[in-house]
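Q: Would you mind keeping the following structure in view while I ask a few things?
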Amino acid sequence: MILQVEILAFCEISRTPMQIPYAKHVEAAATLTGRNRLEAALFLKRLRSRLAEHTFYGEYKNAVVLVTEGAGSIATFMTSAPTQKNIEKLNLFLRSAKKSIAHKGISTAHALLGEEDQLSIHLFEDAGFTKLATLHYMEWDALSNQSHIPQLNTVTFCETSALLPTVLETTMVKTYIGSLDCPAIHGKRDIKEIIKGHQGFNPSDLSLWFIVLMKDEPAGVLLLNQPNNEQYLELAYLGITPMMRKKGLAKQALDHALNHAIKRGCKKIILAVDGSNIPAINLYKKANFQETAKRIAMFCPLR
């Protein structure tokens with residue numbers, strides 16, 4: 001009986017992901033990114049400058065999994081390039097890291113993969129992740145669009161800080177109804193966690209978070225973020241409630257965002273949109289947003 005217990009204990013330990021020691025993080029970062037030691041050190045410096053906790057798992061010379069914990073009970077997973085030689089080990093480390101992070105109370109895991117990286121996509125799918133969407137990353141260049149953009153006056157924009165938190169929560173939930181933007185995730189995350197995720201670890205400038213009002217009634221949400229010491233805005237979320245769609249409100253909200261970028265002297269606005277959300281992509285293209293990249297978003301609930 002004692003021997004059986006010892007064997008079971010050993011098996012349990014073997015399922016625990018091997019955390020790479022701090023002293024080997026540069027080597028692990030080099031394996032993870034496929035870059036030389038100097039470039040890996042710069043990557044690591046940027047990683048450590050964030051408030052987010054991060055952990056390297058695996059074998060620093062061969063198979064590395066990086067988990068970065070984000071706000072809103074979500075963790076981002078990244079692996080070194082899979083090959084036929086290391087994919088089994090990566091699969092083991094990825095599954096084990098998932099269990100480890102779930103034990104810390106994180107509710108959601110996600111990853112962003114290259115559109116053509118079929119081996120990585122297969123790796124994550126085999127570890128329990130599913131494809132959420134093909135995200136189109138787009139960018140608006142302020143230098144090419146410096147003039148103030150005229151706006152209609154059919155809606156008003158109220159800073160969320162002037163309203164009860166429940167107004168933002170209930171309005172956002174309504175905007176998800178029938179939305180084409182990553183519909184597979186709707187209802188999978190708590191709305192409070194989603195809002196925390198948009199805020200990040202640093203307190204957001206709530207003067208850039210708006211409820212779109214139509215005749216004093218909430219009709220949509222516009223969330224903009226400006227990272228510390230950065231000269232760009234991130235359009236974190238733009239959504240209109242079902243009854244208020246196809247009335248030009250999304251364009252007015254976008255124009256409001258563009259004017260804020262110009263007013264603040266920002267160089268650009270960046271965003272990511274589901275590739276299947278054709279109306280939104282067309283809206284952004286008409287406003288002179290240019291596509292910069294595509295990524296496959298992978299998603300895995302942990303509880």
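Identifiers for the structure tokens are assigned positionally: chains receive A, B, ... in sequence, residues are indexed from 1 per chain, and ligands are indexed from 1 in the order shown.
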With 9 Å as the cut-off and only C-alpha atoms counted, what is the closest atom pair between each nearby residue of region 53-161 of chain A and region 216-233 of chain A? Distances in Å to one decimal, ordered by chain and number, as CSV.

A:
```
residue,atom,partner,partner_atom,distance
A:Val155,CA,A:Asp216,CA,8.5
A:Thr156,CA,A:Asp216,CA,7.9
A:Phe157,CA,A:Leu222,CA,8.7
```

Q: Would you return as an MDAnalysis selection string the members of region 78-265 of chain A that DSSP assigns to strand (DSSP E or B) on this structure's backbone?

A: chainID A and resid 78:79 108:114 130:141 156:159 209:214 217:225 232:240

Q: Using only C-alpha atoms, which of the listed residues (A:Ala109, A:Leu163, A:Ile20, A:Met298) sits closest to Ala184 (chain A)?

A: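 Distance minimum relative to Ala184 (chain A) lands on A:Met298.
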
Q: Provide the CA of Phe43 (chain A) to CA of Leu66 (chain A) distance in Å, to one decimal place.

A: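 CA of Phe43 (chain A) sits 12.3 Å away from CA of Leu66 (chain A).
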
Q: Pick out each residue of region 98-301 of chain A that DSSP on the backbone tags as helix (DSSP H, G or I); I need them as a ChimeraX atom specification.

A: /A:98-103,118-126,142-144,160-162,165-176,183-185,191-199,206-208,242-244,249-263,278-286

Q: Using only C-alpha atoms, determine which residues lie at most 12 Å from Leu47 (chain A), disregarding the query and same-chain residues fewer than 4 positions distant; provide the list as a list in words.

A: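 Close residues of Leu47 (chain A): His25, Val26, Ala29, Ala40, Ala41, Leu42, Phe43, Leu51, Ala52, Glu53, His54, Thr55, Phe56, Leu66, Val67, Thr68 and Glu69 of chain A.
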
Q: Given the selection you just returned, output its residues as a file containing C-alpha atoms, formatted as a short mmCIF file (atom, residue, chain, number, x, y, z; two decimals), in the first residue's frame.

A:
```
data_model
loop_
_atom_site.label_atom_id
_atom_site.label_comp_id
_atom_site.auth_asym_id
_atom_site.auth_seq_id
_atom_site.Cartn_x
_atom_site.Cartn_y
_atom_site.Cartn_z
CA HIS A 25 14.86 32.97 -18.42
CA VAL A 26 17.05 34.60 -21.08
CA ALA A 29 13.11 33.60 -24.02
CA ALA A 40 15.74 37.69 -26.12
CA ALA A 41 17.07 39.82 -23.25
CA LEU A 42 15.23 42.87 -24.63
CA PHE A 43 12.04 40.78 -24.96
CA LEU A 51 2.67 44.46 -13.97
CA ALA A 52 1.43 41.09 -15.26
CA GLU A 53 2.85 38.00 -13.60
CA HIS A 54 4.51 35.56 -15.98
CA THR A 55 5.93 32.05 -15.75
CA PHE A 56 8.15 30.00 -18.08
CA LEU A 66 5.18 31.16 -21.45
CA VAL A 67 2.06 32.02 -19.46
CA THR A 68 1.28 35.69 -18.78
CA GLU A 69 -1.53 36.44 -16.36
#
```

Q: Ranking A:Asp190, A:Arg245, A:Ala111, A:Lys263 by minimum distance to Gly128 (chain A) and counting only C-alpha atoms, which one comes first?

A: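 Looking at the shortest contact to Gly128 (chain A), the residue is A:Ala111.
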
Q: List the spatial neighbours of Lys247 (chain A) as number ranges by chain - criterion: any atom at most 12 Å away, only C-alpha atoms, same-chain residues fewer than 3 positions off excluded.

A: A: 152, 154-155, 214, 219-220, 240-244, 250-253
